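**Student:** Have a look at the structure that comes next, please.
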Amino acid sequence: MNYLAASEYTAFGLEDATDASWIAAASAVIEGYCRRPSLGVQQYTERIRMAENRNTLRLLYLPLATVTPGTTPVLAARGRYIAPRHTEGPQGDLLGDVASVFALPGSWVTIDPQAFDFFPDSGELSLPLNVLGLRFAELEVTYTAGLDTIPNGVKVACAQIVKNAQATPALNVQKERLDRMYLEYFSDTLVDQTVRSLLAPYVAQKVG
């Protein structure tokens with residue numbers, strides 16, 4: 001998608017006559033830098049290993065977005081149970097016996113999306129507690145994330161990339177080659193510190 005409309009060019013420091021290909025190319029650079037197909041609202045599926053003794057996880061793409069008429073960004077979820085350790089003492093032995101009877105370790109179970117607590121800006125999900133106290137080794141979550149309305153910061157970044165590209169002699173000479181692969185070659189020049197700061201909240205990266 002293009003992150004700057006023609007009616008917004010002058011407001012963000014571009015000429016009215018700016019060719020739309022510049023905006024499309026800059027928008028592609030933004031998506032490549034942020035490591036995502038779009039900053040708009042999209043559906044994603046992630047499989048995540050759970051940290052030991054934790055019932056929270058963080059999703060990759062931000063911010064989490066709830067699509068009307070839904071009430072949560074989580075569309076579907078399932079978890080794979082881990083076998084309780086006997087080193088946990090009597091509780092571990094009891095949980096292990098219960099889990100074995102129902103053949104739970106290693107099996108995948110559906111989790112109600114409504115049962116999650118979520119924090120849109122951080123992408124953190126809190127899992128519901130299992131009635132037996134069993135923990136998950138891995139989760140698979142399908143969710144929606146992205147920007148319903150493109151903020152000014154992203155628009156400023158898009159305009160700045162266009163300005164940086166227009167100031168790069170090689171790009172100005174080869175305007176007809178304004179495709180994503182060509183611009184990636186100049187990414188260090190185009191995505192300057194200002195652009196990086198503006199796009200920082202939307203870069204997809206794993207949180208350890």
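Convention: chains lettered A, B, ... in structure tokens order; per-chain residue numbering from 1; ligands numbered from 1 as shown.
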Can you tell me, as a list in words, what residues are no more than 12 Å from A:Arg54 when counting only C-alpha atoms, ignoring any on the same chain fewer than 2 positions away?

**Tutor:**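 Residues meeting the cut-off are Arg49, Met50, Ala51, Glu52, Thr56, Leu57, Arg58, Leu125, Ser126, Leu127, Pro128, Leu129, Leu134, Arg135, Phe136, Ala137 and Glu138 of chain A.
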
**Student:** Near A:Pro120, within 7 Å and counting only C-alpha atoms, which residues show up once chain neighbours fewer than 5 positions away are dropped, as an NGL selection string?

**Tutor:** :A and (63-65)

**Student:** Tell me, in Å to one decimal, how far atom CA of A:Leu199 is from atom CA of A:Ala167.

**Tutor:**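 It comes out at 20.8 Å.
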
**Student:** Taking only C-alpha atoms into account, name the residue in A:Ser27, A:Thr10, A:Gln166, A:Thr144 that is nearest to A:Val67.

**Tutor:**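 The closest residue to A:Val67 is A:Thr144.
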
**Student:** Would you pick out the contacts of A:Cys34 at 8 Å or less, using only C-alpha atoms, so that residues sharing its chain but fewer than 2 positions from it are not included, and give the list as a count of residues only?

**Tutor:** 8

**Student:** Residues near A:Gly146, anyone? I mean within 8 Å using only C-alpha atoms, not counting same-chain ones fewer than 5 positions away, as a PyMOL selection string.

**Tutor:** chain A and resi 38-42+61-65

**Student:** List as a PyMOL selection string the protein and nucleic acid residues near stretch 11-14 of chain A, meaning an atom at most 10 Å away when only C-alpha atoms are counted, but skip any in the same chain fewer than 5 places from it.

**Tutor:** chain A and resi 4+6+152+155-160+162-163

**Student:** Find the residues around A:Thr142 up to 7 Å (only C-alpha atoms counted), leave out those fewer than 3 positions away in its own chain, and share them as a PyMOL selection string.

**Tutor:** chain A and resi 44-46+74-77

**Student:** Store the residues picked out above in a file with N, CA and C atoms, as a compact mmCIF listing (two decimals), in the first residue's frame.

**Tutor:**
# COMPACT_ATOMS: atom_id res chain seq x y z
N TYR A 44 -1.94 -12.57 10.76
CA TYR A 44 -0.69 -13.30 10.90
C TYR A 44 -0.90 -14.56 11.73
N THR A 45 -0.04 -15.55 11.51
CA THR A 45 -0.02 -16.75 12.34
C THR A 45 1.41 -16.99 12.79
N GLU A 46 1.58 -17.13 14.09
CA GLU A 46 2.90 -17.38 14.66
C GLU A 46 2.88 -18.63 15.52
N VAL A 74 -6.93 -11.64 18.80
CA VAL A 74 -6.66 -13.07 18.65
C VAL A 74 -7.84 -13.74 17.95
N LEU A 75 -7.58 -14.34 16.80
CA LEU A 75 -8.63 -15.00 16.02
C LEU A 75 -8.74 -16.48 16.34
N ALA A 76 -7.60 -17.11 16.60
CA ALA A 76 -7.57 -18.54 16.92
C ALA A 76 -6.27 -18.83 17.65
N ALA A 77 -6.30 -19.83 18.51
CA ALA A 77 -5.09 -20.20 19.25
C ALA A 77 -5.16 -21.65 19.66

**Student:** Quick check, in Å to one decimal: how far apart do atom CA of A:Val195 and atom CA of A:Tyr9 lie?

**Tutor:**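 According to the coordinates, atom CA of A:Val195 and atom CA of A:Tyr9 are separated by 17.1 Å.
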
**Student:** Among the residues of stretch 128-165 of chain A, find those DSSP assigns to strand (DSSP E) from the backbone and print them as a ChimeraX atom specification.

**Tutor:** /A:136-145

**Student:** For the residues selected in the previous step, produce a file with N, CA, C and O atoms as a PDB file, in the first residue's frame.

**Tutor:**
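Once written, again-v2.pdb looks like this:
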ATOM      1  N   PHE A 136       2.084 -24.914  28.838  1.00  0.00           N
ATOM      2  CA  PHE A 136       2.269 -25.153  27.415  1.00  0.00           C
ATOM      3  C   PHE A 136       3.740 -25.021  27.051  1.00  0.00           C
ATOM      4  O   PHE A 136       4.440 -24.134  27.530  1.00  0.00           O
ATOM      5  N   ALA A 137       4.200 -25.898  26.176  1.00  0.00           N
ATOM      6  CA  ALA A 137       5.554 -25.801  25.638  1.00  0.00           C
ATOM      7  C   ALA A 137       5.590 -24.886  24.422  1.00  0.00           C
ATOM      8  O   ALA A 137       6.599 -24.247  24.144  1.00  0.00           O
ATOM      9  N   GLU A 138       4.477 -24.815  23.709  1.00  0.00           N
ATOM     10  CA  GLU A 138       4.434 -24.093  22.431  1.00  0.00           C
ATOM     11  C   GLU A 138       3.015 -23.617  22.183  1.00  0.00           C
ATOM     12  O   GLU A 138       2.050 -24.275  22.558  1.00  0.00           O
ATOM     13  N   LEU A 139       2.911 -22.468  21.555  1.00  0.00           N
ATOM     14  CA  LEU A 139       1.602 -21.928  21.178  1.00  0.00           C
ATOM     15  C   LEU A 139       1.590 -21.554  19.707  1.00  0.00           C
ATOM     16  O   LEU A 139       2.619 -21.131  19.154  1.00  0.00           O
ATOM     17  N   GLU A 140       0.443 -21.700  19.084  1.00  0.00           N
ATOM     18  CA  GLU A 140       0.221 -21.210  17.725  1.00  0.00           C
ATOM     19  C   GLU A 140      -0.933 -20.223  17.794  1.00  0.00           C
ATOM     20  O   GLU A 140      -2.028 -20.572  18.240  1.00  0.00           O
ATOM     21  N   VAL A 141      -0.671 -18.996  17.382  1.00  0.00           N
ATOM     22  CA  VAL A 141      -1.652 -17.923  17.520  1.00  0.00           C
ATOM     23  C   VAL A 141      -1.899 -17.275  16.163  1.00  0.00           C
ATOM     24  O   VAL A 141      -0.956 -16.901  15.458  1.00  0.00           O
ATOM     25  N   THR A 142      -3.163 -17.152  15.796  1.00  0.00           N
ATOM     26  CA  THR A 142      -3.559 -16.393  14.609  1.00  0.00           C
ATOM     27  C   THR A 142      -4.198 -15.098  15.095  1.00  0.00           C
ATOM     28  O   THR A 142      -5.107 -15.124  15.930  1.00  0.00           O
ATOM     29  N   TYR A 143      -3.712 -13.970  14.580  1.00  0.00           N
ATOM     30  CA  TYR A 143      -4.162 -12.675  15.111  1.00  0.00           C
ATOM     31  C   TYR A 143      -4.095 -11.598  14.030  1.00  0.00           C
ATOM     32  O   TYR A 143      -3.534 -11.823  12.944  1.00  0.00           O
ATOM     33  N   THR A 144      -4.671 -10.466  14.336  1.00  0.00           N
ATOM     34  CA  THR A 144      -4.612  -9.317  13.427  1.00  0.00           C
ATOM     35  C   THR A 144      -3.773  -8.216  14.066  1.00  0.00           C
ATOM     36  O   THR A 144      -3.830  -7.980  15.264  1.00  0.00           O
ATOM     37  N   ALA A 145      -2.967  -7.569  13.218  1.00  0.00           N
ATOM     38  CA  ALA A 145      -2.110  -6.487  13.694  1.00  0.00           C
ATOM     39  C   ALA A 145      -1.884  -5.496  12.563  1.00  0.00           C
ATOM     40  O   ALA A 145      -1.960  -5.849  11.387  1.00  0.00           O
TER      41      ALA A 145
END

**Student:** Of the candidates A:Ser107, A:Asn164, A:Asn53, A:Gln114, which shows the shortest atom-to-atom distance to A:Val191, using only C-alpha atoms?

**Tutor:**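 So, comparing all the options, the nearest one is A:Asn164.
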
**Student:** To one decimal in Å, tell me the separation between atom CA of A:Phe116 and atom CA of A:Ile150.

**Tutor:**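 It comes out at 26.8 Å.
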